[in-house]
$ cat target39.txt   # compact mmCIF, C-alpha atoms and all ligand atoms
# COMPACT_ATOMS: atom_id res chain seq x y z
CA MET A 118 -31.04 -23.68 16.06
CA ILE A 119 -28.75 -25.06 13.36
CA GLN A 120 -25.52 -23.19 12.84
CA VAL A 121 -23.23 -23.98 9.95
CA ASN A 122 -19.88 -22.21 9.84
CA SER A 123 -17.55 -22.15 6.84
CA LEU A 124 -18.09 -25.78 5.82
CA ASN A 125 -15.73 -27.21 3.23
CA LYS A 126 -15.54 -30.60 1.59
CA ARG A 127 -13.36 -31.82 -1.26
CA PHE A 128 -13.45 -35.12 -3.11
CA GLY A 129 -10.08 -35.24 -4.86
CA ASN A 130 -10.06 -32.31 -7.28
CA ILE A 131 -13.75 -31.51 -6.76
CA HIS A 132 -14.43 -28.80 -4.21
CA ALA A 133 -17.99 -30.05 -3.49
CA VAL A 134 -18.83 -27.56 -0.71
CA LYS A 135 -17.05 -24.20 -0.44
CA ASP A 136 -17.15 -22.20 2.73
CA VAL A 137 -20.89 -22.62 3.34
CA SER A 138 -22.29 -20.75 6.35
CA LEU A 139 -25.93 -20.46 7.37
CA GLU A 140 -28.31 -20.38 10.32
CA ILE A 141 -31.67 -22.11 10.54
CA HIS A 142 -34.08 -21.14 13.28
CA PRO A 143 -36.25 -23.65 15.15
CA GLY A 144 -39.54 -24.39 13.43
CA GLN A 145 -38.36 -23.15 10.03
CA ILE A 146 -38.47 -24.90 6.70
CA PHE A 147 -35.14 -24.20 5.06
CA GLY A 148 -34.75 -25.00 1.38
CA LEU A 149 -31.39 -25.67 -0.19
CA LEU A 150 -32.00 -25.05 -3.87
CA GLY A 151 -29.54 -25.87 -6.63
CA PRO A 152 -29.04 -27.91 -9.80
CA ASN A 153 -27.62 -31.45 -9.90
CA GLY A 154 -24.11 -31.65 -8.52
CA ALA A 155 -24.37 -28.28 -6.74
CA GLY A 156 -23.33 -29.69 -3.36
CA LYS A 157 -26.72 -30.14 -1.67
CA SER A 158 -26.32 -33.79 -0.62
CA THR A 159 -22.75 -33.26 0.52
CA SER A 160 -23.91 -30.34 2.69
CA ILE A 161 -26.71 -32.47 4.15
CA SER A 162 -24.30 -35.33 4.80
CA MET A 163 -22.05 -33.03 6.83
CA MET A 164 -25.00 -31.45 8.66
CA THR A 165 -26.28 -34.89 9.68
CA GLY A 166 -22.86 -36.19 10.67
CA LEU A 167 -22.74 -38.85 7.93
CA ILE A 168 -19.48 -37.47 6.58
CA GLU A 169 -16.89 -35.29 8.22
CA ALA A 170 -16.17 -31.81 6.91
CA ASP A 171 -12.60 -30.98 5.83
CA SER A 172 -13.02 -27.74 7.74
CA GLY A 173 -15.77 -25.69 9.35
CA SER A 174 -18.37 -26.75 11.88
CA VAL A 175 -22.03 -27.66 12.34
CA SER A 176 -23.97 -27.20 15.55
CA LEU A 177 -27.45 -28.68 16.10
CA SER A 178 -28.69 -26.87 19.21
CA GLY A 179 -25.12 -26.88 20.42
CA LEU A 180 -24.49 -30.55 19.56
CA ASN A 181 -21.92 -31.94 17.16
CA PRO A 182 -23.95 -33.85 14.53
CA GLN A 183 -21.62 -36.82 14.88
CA SER A 184 -22.43 -37.22 18.59
CA LYS A 185 -24.82 -39.93 19.78
CA GLU A 186 -27.04 -37.30 21.39
CA ALA A 187 -27.43 -35.48 18.07
CA ARG A 188 -28.19 -38.73 16.23
CA TYR A 189 -31.38 -39.08 18.28
CA LYS A 190 -32.45 -35.58 17.29
CA ILE A 191 -31.89 -36.09 13.55
CA GLY A 192 -34.38 -37.58 11.10
CA LEU A 193 -32.98 -38.17 7.60
CA ILE A 194 -34.86 -39.00 4.43
CA PRO A 195 -32.01 -39.87 2.09
CA GLN A 196 -32.02 -39.14 -1.63
CA SER A 197 -32.11 -42.83 -2.54
CA ILE A 198 -34.84 -44.97 -0.99
CA ALA A 199 -33.53 -46.99 1.95
CA LEU A 200 -36.01 -49.81 2.58
CA TYR A 201 -36.13 -53.63 2.55
CA GLU A 202 -38.25 -54.50 -0.49
CA GLU A 203 -39.21 -57.98 0.73
CA LEU A 204 -40.40 -56.80 4.14
CA THR A 205 -43.78 -55.27 4.91
CA ALA A 206 -44.14 -51.59 5.77
CA THR A 207 -44.53 -52.49 9.46
CA ASP A 208 -41.45 -54.74 9.46
CA ASN A 209 -39.41 -52.01 7.80
CA LEU A 210 -40.47 -49.58 10.51
CA SER A 211 -39.64 -52.14 13.24
CA PHE A 212 -36.14 -52.39 11.78
CA PHE A 213 -35.63 -48.61 11.77
CA ALA A 214 -37.08 -48.32 15.27
CA SER A 215 -34.52 -50.86 16.53
CA LEU A 216 -31.74 -48.42 15.59
CA TYR A 217 -33.10 -45.81 18.00
CA ASP A 218 -33.81 -47.53 21.34
CA ILE A 219 -37.48 -46.52 21.23
CA PRO A 220 -39.11 -47.73 24.49
CA LYS A 221 -40.97 -51.01 23.79
CA GLY A 222 -44.18 -49.64 25.26
CA ASP A 223 -44.19 -46.73 22.79
CA LEU A 224 -43.22 -48.68 19.70
CA ALA A 225 -46.64 -49.79 18.44
CA SER A 226 -48.20 -46.36 18.89
CA ARG A 227 -45.22 -44.59 17.26
CA MET A 228 -45.37 -46.88 14.23
CA ASP A 229 -49.12 -46.47 14.01
CA TRP A 230 -48.82 -42.69 14.16
CA ALA A 231 -46.07 -42.60 11.54
CA LEU A 232 -47.96 -44.82 9.06
CA ASP A 233 -51.10 -42.79 9.54
CA PHE A 234 -49.16 -39.52 9.17
CA VAL A 235 -47.83 -40.49 5.73
CA GLY A 236 -51.16 -42.02 4.65
CA LEU A 237 -50.00 -45.65 4.57
CA LYS A 238 -51.88 -47.12 7.52
CA ASP A 239 -54.02 -49.33 5.28
CA ARG A 240 -50.86 -50.72 3.61
CA ALA A 241 -49.08 -51.57 6.87
CA GLY A 242 -49.03 -55.33 6.22
CA ASP A 243 -48.07 -55.13 2.52
CA ARG A 244 -44.61 -55.78 1.14
CA VAL A 245 -42.70 -52.71 0.02
CA SER A 246 -41.85 -54.37 -3.33
CA GLY A 247 -45.44 -53.64 -4.42
CA PHE A 248 -45.28 -49.94 -3.48
CA SER A 249 -44.97 -47.06 -5.97
CA GLY A 250 -41.93 -44.75 -5.78
CA GLY A 251 -44.03 -42.17 -3.96
CA MET A 252 -45.28 -44.67 -1.37
CA LYS A 253 -41.72 -45.82 -0.71
CA ARG A 254 -40.64 -42.22 -0.21
CA ARG A 255 -43.50 -41.67 2.23
CA LEU A 256 -42.56 -44.85 4.13
CA ASN A 257 -38.99 -43.56 4.33
CA LEU A 258 -40.39 -40.37 5.84
CA ALA A 259 -42.39 -42.42 8.37
CA ALA A 260 -39.22 -44.36 9.27
CA SER A 261 -37.28 -41.16 9.86
CA LEU A 262 -39.92 -39.86 12.31
CA LEU A 263 -40.25 -42.86 14.66
CA HIS A 264 -37.84 -41.47 17.25
CA ASP A 265 -39.52 -38.04 17.16
CA PRO A 266 -36.51 -36.04 15.91
CA ASP A 267 -36.26 -32.25 16.18
CA PHE A 268 -34.30 -31.76 12.94
CA ILE A 269 -35.65 -33.37 9.81
CA PHE A 270 -33.42 -33.48 6.73
CA MET A 271 -35.10 -34.31 3.43
CA ASP A 272 -32.75 -34.80 0.50
CA GLU A 273 -34.73 -34.30 -2.76
CA PRO A 274 -37.78 -36.08 -1.30
CA THR A 275 -39.91 -35.63 -4.41
CA ALA A 276 -37.46 -37.18 -6.89
CA GLY A 277 -39.31 -39.88 -8.85
CA VAL A 278 -42.57 -39.28 -6.98
CA ASP A 279 -46.06 -39.21 -8.54
CA PRO A 280 -48.12 -35.98 -8.13
CA GLN A 281 -50.43 -37.49 -5.47
CA SER A 282 -47.56 -38.58 -3.22
CA ARG A 283 -45.84 -35.27 -3.91
CA ASN A 284 -48.81 -33.35 -2.55
CA LYS A 285 -48.98 -35.65 0.47
CA LEU A 286 -45.27 -35.01 1.12
CA PHE A 287 -45.84 -31.24 0.89
CA ASP A 288 -48.71 -31.52 3.41
CA ASN A 289 -46.48 -33.62 5.68
CA VAL A 290 -43.69 -31.03 5.54
CA LEU A 291 -46.11 -28.27 6.55
CA GLU A 292 -47.60 -30.45 9.32
CA LEU A 293 -44.13 -31.17 10.69
CA LYS A 294 -43.46 -27.44 10.78
CA GLU A 295 -46.68 -27.00 12.77
CA LEU A 296 -45.41 -29.62 15.21
CA GLY A 297 -42.41 -27.32 15.76
CA LYS A 298 -39.87 -29.37 13.80
CA THR A 299 -37.01 -27.73 11.93
CA ILE A 300 -36.89 -28.95 8.34
CA ILE A 301 -34.04 -28.83 5.86
CA TYR A 302 -35.24 -29.62 2.39
CA THR A 303 -33.09 -29.93 -0.72
CA THR A 304 -34.53 -29.66 -4.18
CA HIS A 305 -33.82 -28.56 -7.70
CA TYR A 306 -37.48 -27.71 -8.22
CA MET A 307 -37.86 -24.00 -7.59
CA GLU A 308 -41.68 -24.31 -7.30
CA GLU A 309 -41.21 -26.48 -4.20
CA ALA A 310 -38.81 -24.06 -2.57
CA GLN A 311 -41.08 -21.15 -3.42
CA LYS A 312 -44.15 -22.89 -2.02
CA LEU A 313 -42.77 -24.46 1.17
CA CYS A 314 -39.74 -22.69 2.47
CA ASP A 315 -39.42 -19.90 5.05
CA GLN A 316 -35.82 -19.42 4.01
CA VAL A 317 -34.00 -20.46 0.88
CA GLY A 318 -30.29 -20.90 0.21
CA ILE A 319 -29.26 -20.99 -3.44
CA ILE A 320 -26.23 -23.17 -4.04
CA ASP A 321 -24.18 -23.81 -7.17
CA HIS A 322 -20.73 -25.33 -7.67
CA GLY A 323 -20.53 -25.83 -3.89
CA GLN A 324 -21.01 -22.14 -3.14
CA LEU A 325 -23.94 -20.56 -1.36
CA LEU A 326 -24.81 -17.70 -3.70
CA ALA A 327 -27.77 -16.18 -1.87
CA LEU A 328 -29.69 -16.65 1.34
CA GLY A 329 -33.03 -15.21 2.48
CA THR A 330 -36.79 -15.49 2.34
CA VAL A 331 -38.27 -16.05 -1.10
CA SER A 332 -39.48 -12.44 -1.28
CA GLU A 333 -36.06 -11.11 -0.19
CA LEU A 334 -34.38 -13.16 -2.90
CA LEU A 335 -36.90 -12.01 -5.50
CA ASN A 336 -36.46 -8.37 -4.48
CA GLN A 337 -32.67 -8.53 -4.39
CA HIS A 338 -31.93 -10.75 -7.37
CA GLY A 339 -35.17 -11.34 -9.30
CA GLY A 340 -34.99 -8.38 -11.66
CA GLU A 341 -37.95 -6.60 -13.18
CA THR A 342 -41.42 -7.85 -14.06
CA GLN A 343 -42.07 -8.47 -17.74
CA ILE A 344 -45.35 -6.99 -19.03
CA SER A 345 -46.95 -7.63 -22.41
CA ILE A 346 -50.05 -5.81 -23.70
CA SER A 347 -51.73 -6.78 -26.93
CA SER A 348 -54.08 -4.13 -28.35
CA ASP A 349 -55.30 -2.76 -31.70
CA GLN A 350 -51.96 -0.95 -31.85
CA GLY A 351 -50.05 -4.25 -31.73
CA VAL A 352 -48.07 -5.94 -28.97
CA LYS A 353 -46.20 -3.78 -26.51
CA GLU A 354 -43.67 -5.45 -24.24
CA PHE A 355 -41.73 -3.78 -21.48
CA LYS A 356 -40.02 -4.38 -18.15
CA SER A 357 -41.28 -2.76 -14.98
CA SER A 358 -40.25 -2.32 -11.37
CA ASP A 359 -43.53 -0.56 -10.50
CA VAL A 360 -46.13 -2.84 -12.04
CA SER A 361 -49.43 -1.19 -11.05
CA ASN A 362 -48.31 2.31 -12.03
CA ASP A 363 -46.67 1.27 -15.32
CA LEU A 364 -49.63 -0.95 -16.20
CA ILE A 365 -52.18 1.84 -15.68
CA GLN A 366 -50.16 4.22 -17.84
CA ALA A 367 -49.68 1.64 -20.59
CA LEU A 368 -53.40 0.75 -20.57
CA GLN A 369 -54.40 4.42 -20.80
CA ALA A 370 -52.23 4.74 -23.90
CA SER A 371 -53.64 1.59 -25.57
CA ASN A 372 -56.70 1.13 -27.76
CA LYS A 373 -58.94 -1.96 -27.41
CA VAL A 374 -56.78 -4.24 -25.29
CA HIS A 375 -57.02 -7.94 -26.27
CA ASP A 376 -54.62 -9.52 -23.81
CA ILE A 377 -52.33 -8.65 -20.92
CA SER A 378 -49.64 -10.83 -19.41
CA VAL A 379 -47.61 -9.99 -16.33
CA ASN A 380 -44.64 -12.26 -15.63
CA ARG A 381 -43.19 -11.65 -12.22
CA PRO A 382 -39.67 -12.96 -11.51
CA ASP A 383 -39.42 -16.33 -9.76
CA LEU A 384 -36.54 -18.25 -8.17
CA GLU A 385 -35.52 -19.43 -11.63
CA ALA A 386 -34.93 -15.75 -12.53
CA VAL A 387 -32.96 -15.30 -9.29
CA PHE A 388 -30.74 -18.25 -10.20
CA LEU A 389 -30.34 -17.01 -13.77
CA ASN A 390 -29.35 -13.54 -12.58
CA LEU A 391 -26.85 -14.97 -10.09
CA THR A 392 -25.23 -17.57 -12.33
CA GLY A 393 -26.06 -16.64 -15.90
CA ARG A 394 -27.69 -20.03 -16.50
CA GLN A 395 -30.98 -21.83 -15.88
CA LEU A 396 -31.61 -23.82 -12.71
CA ARG A 397 -32.79 -26.74 -14.80
CA ASP A 398 -30.69 -27.98 -17.67
N1 LIG B 1 -18.34 -39.54 -2.64
C1 LIG B 1 -18.00 -38.74 -3.64
N2 LIG B 1 -16.86 -38.93 -4.33
C2 LIG B 1 -16.49 -38.10 -5.32
N3 LIG B 1 -17.21 -37.02 -5.72
C3 LIG B 1 -18.36 -36.78 -5.08
C4 LIG B 1 -18.82 -37.62 -4.00
N4 LIG B 1 -20.00 -37.12 -3.55
C5 LIG B 1 -20.26 -36.04 -4.30
N5 LIG B 1 -19.29 -35.83 -5.21
C6 LIG B 1 -19.22 -34.71 -6.16
O1 LIG B 1 -19.39 -33.51 -5.43
C7 LIG B 1 -20.21 -32.58 -6.14
C8 LIG B 1 -21.46 -32.25 -5.32
O2 LIG B 1 -22.29 -33.43 -5.25
P1 LIG B 1 -23.65 -33.48 -4.43
O3 LIG B 1 -24.14 -34.90 -4.51
O4 LIG B 1 -23.41 -32.91 -3.09
O5 LIG B 1 -24.58 -32.53 -5.28
P2 LIG B 1 -26.15 -32.36 -5.24
O6 LIG B 1 -26.41 -30.90 -5.30
O7 LIG B 1 -26.71 -33.12 -4.09
O8 LIG B 1 -26.60 -32.98 -6.61
P3 LIG B 1 -27.55 -34.22 -6.92
O9 LIG B 1 -28.92 -33.68 -6.92
O10 LIG B 1 -27.10 -34.63 -8.31
O11 LIG B 1 -27.27 -35.24 -5.88
C9 LIG B 1 -20.52 -33.26 -7.47
O12 LIG B 1 -19.57 -32.80 -8.42
C10 LIG B 1 -20.34 -34.73 -7.18
O13 LIG B 1 -19.99 -35.43 -8.35
$ encode --input "target39.txt" --output "C-alpha cells"
Amino acid sequence: MIQVNSLNKRFGNIHAVKDVSLEIHPGQIFGLLGPNGAGKSTSISMMTGLIEADSGSVSLSGLNPQSKEARYKIGLIPQSIALYEELTATDNLSFFASLYDIPKGDLASRMDWALDFVGLKDRAGDRVSGFSGGMKRRLNLAASLLHDPDFIFMDEPTAGVDPQSRNKLFDNVLELKELGKTIIYTTHYMEEAQKLCDQVGIIDHGQLLALGTVSELLNQHGGETQISISSDQGVKEFKSSDVSNDLIQALQASNKVHDISVNRPDLEAVFLNLTGRQLRD
C-alpha cells in the first residue's frame, strides 16, 4: 500500500505540489493525470525518494521511500531516457543491475526475462544509439524491473514513443499488474488514463482536484451526454443524463433519421469541468 499524506513542495515562488494526499492499493494501476507543469514529476520524485518533501509524508508498505530497503522495492522509469547510447542493451542492463546487488547467479536470467518482457530480446547485442525512442523507453522499463520491484513508477512513459512501442508499453503495464505489481503512471493523455488505470488522480497547479475510478470521475464531474439527431426535420441537439430514455423519445418524435451521434463525457470533460480549461493546450 502506498500512502501519501499532505505532500508539499516549493521551488522558490512556485508551489509545485500542494497538500497532495492519496492511497494506492497493492496491484492497482494508479494514473496521475494533468497537463504540463501540473506537478506530476515532482510528486513522483517525492514518492520515490529522489527529492525530499517540504512537508507531508510518503509510506511504501510502511517504508520511507528514502530508505535503502524502499529503494530495492522501487522501479522508476524516468521522464527522460536514462541509458548509455554507446553501450549495447545487455551492457546497459548490466550497469543498472550493478546498482541493485542482484545475486550473480540470477543476473543472466533476470536480464533475459526483462529483455523478452519488453520485446527486445533479439536486439540484446545492439547499441542503444541505433534504437528508436520507443525502444529506448522499453529498455528503460526493462532496466527498472531487473531487481523485481513491487512499486513501479512510470513518468510519462509514452512521451515521444511510436504507436507500436506505445501498445507494447500498455501491454507491459497490464502484465505487470497481473504479476501483482503496483503501478503509478503519469500522463497528460487522458485516453491512456481511461484505458489503463484502476484509479485516477487529476492534478493541476500542484493540487489534486479529483480522485477515483474513471467511472466515478465521469459520474461526479463529467457532466451530461451530448446527443445529436439529424432527420428530415433538421438537426436536433440536446444534453441528456438518461441517454436511452431521452434517445427513444427523441427518435419517436423524429421523421426519417439520417444520423445519430452520442458523445459521452470523457476525462477531458472532467478536467474541463473542474478547471474551466482543456487538459491539452
Ligand atoms: N527543480 C525545479 N526547480 C524549479 N522549478 C521546478 C523544478 N522542478 C519542477 N519545477 C516547477 O514545478 C512545477 C511542476 O513541475 P513538474 O515537472 O512536477 O510538472 P509535471 O506535471 O511533471 O509536468 P511535465 O509533464 O511538464 O514534466 C512547474 O511549474 C515546474 O516548472
$ residues_around --input "target39.txt" --residues "range 360-371 of chain A" --least-positions-apart "3" --cutoff "7 Å" --atoms "only C-alpha atoms" --output "list in words"
Ser348, Gln350, Ser357 and Val374 of chain A
$ closest_atom_pairs --input "target39.txt" --of "chain A" --to "ligand LIG 1 (chain B)" --cutoff "12 Å" --atoms "all atoms listed in the file" --output "tab-separated table"
residue	atom	partner	partner_atom	distance
A:Asn125	CA	B:LIG1	O1	11.3
A:Lys126	CA	B:LIG1	O1	8.5
A:Arg127	CA	B:LIG1	O1	7.5
A:Phe128	CA	B:LIG1	C2	4.8
A:Gly129	CA	B:LIG1	C2	7.0
A:Asn130	CA	B:LIG1	N3	8.7
A:Ile131	CA	B:LIG1	O1	6.1
A:His132	CA	B:LIG1	O1	6.9
A:Ala133	CA	B:LIG1	O1	4.2
A:Val134	CA	B:LIG1	C8	7.1
A:Lys135	CA	B:LIG1	C8	10.4
A:Leu149	CA	B:LIG1	O6	8.8
A:Leu150	CA	B:LIG1	O6	8.2
A:Gly151	CA	B:LIG1	O6	6.1
A:Pro152	CA	B:LIG1	O6	6.0
A:Asn153	CA	B:LIG1	O10	3.6
A:Gly154	CA	B:LIG1	O5	3.4
A:Ala155	CA	B:LIG1	O6	3.6
A:Gly156	CA	B:LIG1	O4	3.2
A:Lys157	CA	B:LIG1	O6	3.7
A:Ser158	CA	B:LIG1	O7	3.6
A:Thr159	CA	B:LIG1	O4	3.7
A:Ser160	CA	B:LIG1	O4	6.3
A:Ile161	CA	B:LIG1	O4	8.0
A:Ser162	CA	B:LIG1	O4	8.3
A:Met163	CA	B:LIG1	O4	10.0
A:Met164	CA	B:LIG1	O4	11.9
A:Leu167	CA	B:LIG1	N1	11.5
A:Ile168	CA	B:LIG1	N1	9.5
A:Glu169	CA	B:LIG1	N1	11.8
A:Pro195	CA	B:LIG1	O11	10.4
A:Gln196	CA	B:LIG1	O11	7.5
A:Ser197	CA	B:LIG1	O11	9.6
A:Met271	CA	B:LIG1	O7	11.3
A:Asp272	CA	B:LIG1	O7	7.8
A:Glu273	CA	B:LIG1	O9	7.2
A:Pro274	CA	B:LIG1	O9	10.8
A:Thr275	CA	B:LIG1	O9	11.4
A:Ala276	CA	B:LIG1	O9	9.2
A:Tyr302	CA	B:LIG1	O7	11.3
A:Thr303	CA	B:LIG1	O7	7.9
A:Thr304	CA	B:LIG1	O9	7.4
A:His305	CA	B:LIG1	O9	7.1
A:Tyr306	CA	B:LIG1	O9	10.5
A:Ile319	CA	B:LIG1	O6	10.5
A:Ile320	CA	B:LIG1	O6	7.8
A:Asp321	CA	B:LIG1	O6	7.7
A:His322	CA	B:LIG1	C8	7.3
A:Gly323	CA	B:LIG1	C8	6.6
A:Gln324	CA	B:LIG1	C8	10.4
A:Leu325	CA	B:LIG1	O6	11.3
A:Leu396	CA	B:LIG1	O6	11.5
A:Arg397	CA	B:LIG1	O9	11.2
$ atom_distance --input "target39.txt" --atom1 "CA of Met252 in chain A" --atom2 "CA of Phe212 in chain A"
17.8 Å
$ residues_around --input "target39.txt" --residues "Phe234 in chain A" --least-positions-apart "3" --cutoff "8 Å" --atoms "only C-alpha atoms" --output "ChimeraX atom specification"
/A:230-231,237,259,289
$ closest_residue --input "target39.txt" --among "A:Gly144, A:Gln120, A:Glu203, A:Thr330" --to "Gly173 in chain A" --atoms "all atoms listed in the file"
A:Gln120
$ axis_aligned_box --input "target39.txt" --around "range 213-227 of chain A" --padding-each-side "6 Å" --output "JSON"
{"center_x": -40.0, "center_y": -47.8, "center_z": 18.5, "size_x": 28.5, "size_y": 18.4, "size_z": 25.5}
$ residues_around --input "target39.txt" --residues "Lys190 in chain A" --least-positions-apart "5" --cutoff "9 Å" --atoms "only C-alpha atoms" --output "list in words"
Leu177, His264, Asp265, Pro266, Asp267, Phe268 and Ile269 of chain A
$ atom_distance --input "target39.txt" --atom1 "CA of Gly393 in chain A" --atom2 "CA of Ser345 in chain A"
23.7 Å
$ closest_residue --input "target39.txt" --among "A:Ile219, A:Cys314, A:Glu292, A:Thr207" --to "Lys238 in chain A" --atoms "all atoms listed in the file"
A:Thr207
$ residues_near_point --input "target39.txt" --point "(-44.5, -39.9, 5.2)" --cutoff "12 Å" --atoms "all atoms listed in the file" --output "PyMOL selection string"
chain A and resi 192-194+206+210+228-238+251-263+269+271+274-275+282-293
$ atom_distance --input "target39.txt" --atom1 "CA of Gly340 in chain A" --atom2 "CA of Lys356 in chain A"
9.1 Å
$ closest_residue --input "target39.txt" --among "A:Ile377, A:Leu204, A:Asp315, A:Phe248" --to "Gly329 in chain A" --atoms "all atoms listed in the file"
A:Asp315
$ closest_residue --input "target39.txt" --among "A:Gly148, A:Thr392, A:Ala241, A:Leu326" --to "Asp136 in chain A" --atoms "all atoms listed in the file"
A:Leu326
$ build_atoms --input "target39.txt" --residues "range 260-275 of chain A" --atoms "N, CA and C atoms" --output "PDB file, in the coordinates of the input"
ATOM      1  N   ALA A 260     -40.334 -43.723   8.546  1.00  0.00           N
ATOM      2  CA  ALA A 260     -39.220 -44.360   9.270  1.00  0.00           C
ATOM      3  C   ALA A 260     -38.342 -43.326   9.957  1.00  0.00           C
ATOM      4  N   SER A 261     -38.180 -42.183   9.304  1.00  0.00           N
ATOM      5  CA  SER A 261     -37.280 -41.160   9.860  1.00  0.00           C
ATOM      6  C   SER A 261     -37.913 -40.417  11.042  1.00  0.00           C
ATOM      7  N   LEU A 262     -39.224 -40.630  11.260  1.00  0.00           N
ATOM      8  CA  LEU A 262     -39.920 -39.860  12.310  1.00  0.00           C
ATOM      9  C   LEU A 262     -40.182 -40.672  13.586  1.00  0.00           C
ATOM     10  N   LEU A 263     -39.863 -41.979  13.544  1.00  0.00           N
ATOM     11  CA  LEU A 263     -40.250 -42.860  14.660  1.00  0.00           C
ATOM     12  C   LEU A 263     -39.691 -42.407  16.007  1.00  0.00           C
ATOM     13  N   HIS A 264     -38.479 -41.861  15.987  1.00  0.00           N
ATOM     14  CA  HIS A 264     -37.840 -41.470  17.250  1.00  0.00           C
ATOM     15  C   HIS A 264     -38.115 -40.010  17.591  1.00  0.00           C
ATOM     16  N   ASP A 265     -39.084 -39.408  16.877  1.00  0.00           N
ATOM     17  CA  ASP A 265     -39.520 -38.040  17.160  1.00  0.00           C
ATOM     18  C   ASP A 265     -38.367 -37.029  17.136  1.00  0.00           C
ATOM     19  N   PRO A 266     -37.671 -36.947  15.987  1.00  0.00           N
ATOM     20  CA  PRO A 266     -36.510 -36.040  15.910  1.00  0.00           C
ATOM     21  C   PRO A 266     -36.925 -34.573  15.864  1.00  0.00           C
ATOM     22  N   ASP A 267     -36.002 -33.698  16.244  1.00  0.00           N
ATOM     23  CA  ASP A 267     -36.260 -32.250  16.180  1.00  0.00           C
ATOM     24  C   ASP A 267     -35.885 -31.684  14.810  1.00  0.00           C
ATOM     25  N   PHE A 268     -34.835 -32.277  14.218  1.00  0.00           N
ATOM     26  CA  PHE A 268     -34.300 -31.760  12.940  1.00  0.00           C
ATOM     27  C   PHE A 268     -34.544 -32.790  11.854  1.00  0.00           C
ATOM     28  N   ILE A 269     -35.297 -32.398  10.845  1.00  0.00           N
ATOM     29  CA  ILE A 269     -35.650 -33.370   9.810  1.00  0.00           C
ATOM     30  C   ILE A 269     -35.016 -32.927   8.483  1.00  0.00           C
ATOM     31  N   PHE A 270     -34.139 -33.775   7.966  1.00  0.00           N
ATOM     32  CA  PHE A 270     -33.420 -33.480   6.730  1.00  0.00           C
ATOM     33  C   PHE A 270     -34.020 -34.301   5.601  1.00  0.00           C
ATOM     34  N   MET A 271     -34.475 -33.617   4.561  1.00  0.00           N
ATOM     35  CA  MET A 271     -35.100 -34.310   3.430  1.00  0.00           C
ATOM     36  C   MET A 271     -34.296 -33.998   2.175  1.00  0.00           C
ATOM     37  N   ASP A 272     -33.627 -35.019   1.647  1.00  0.00           N
ATOM     38  CA  ASP A 272     -32.750 -34.800   0.500  1.00  0.00           C
ATOM     39  C   ASP A 272     -33.503 -35.158  -0.792  1.00  0.00           C
ATOM     40  N   GLU A 273     -33.930 -34.146  -1.517  1.00  0.00           N
ATOM     41  CA  GLU A 273     -34.730 -34.300  -2.760  1.00  0.00           C
ATOM     42  C   GLU A 273     -35.858 -35.325  -2.573  1.00  0.00           C
ATOM     43  N   PRO A 274     -36.757 -35.066  -1.625  1.00  0.00           N
ATOM     44  CA  PRO A 274     -37.780 -36.080  -1.300  1.00  0.00           C
ATOM     45  C   PRO A 274     -38.795 -36.319  -2.401  1.00  0.00           C
ATOM     46  N   THR A 275     -38.880 -35.424  -3.381  1.00  0.00           N
ATOM     47  CA  THR A 275     -39.910 -35.630  -4.410  1.00  0.00           C
ATOM     48  C   THR A 275     -39.343 -36.220  -5.698  1.00  0.00           C
TER      49      THR A 275
END
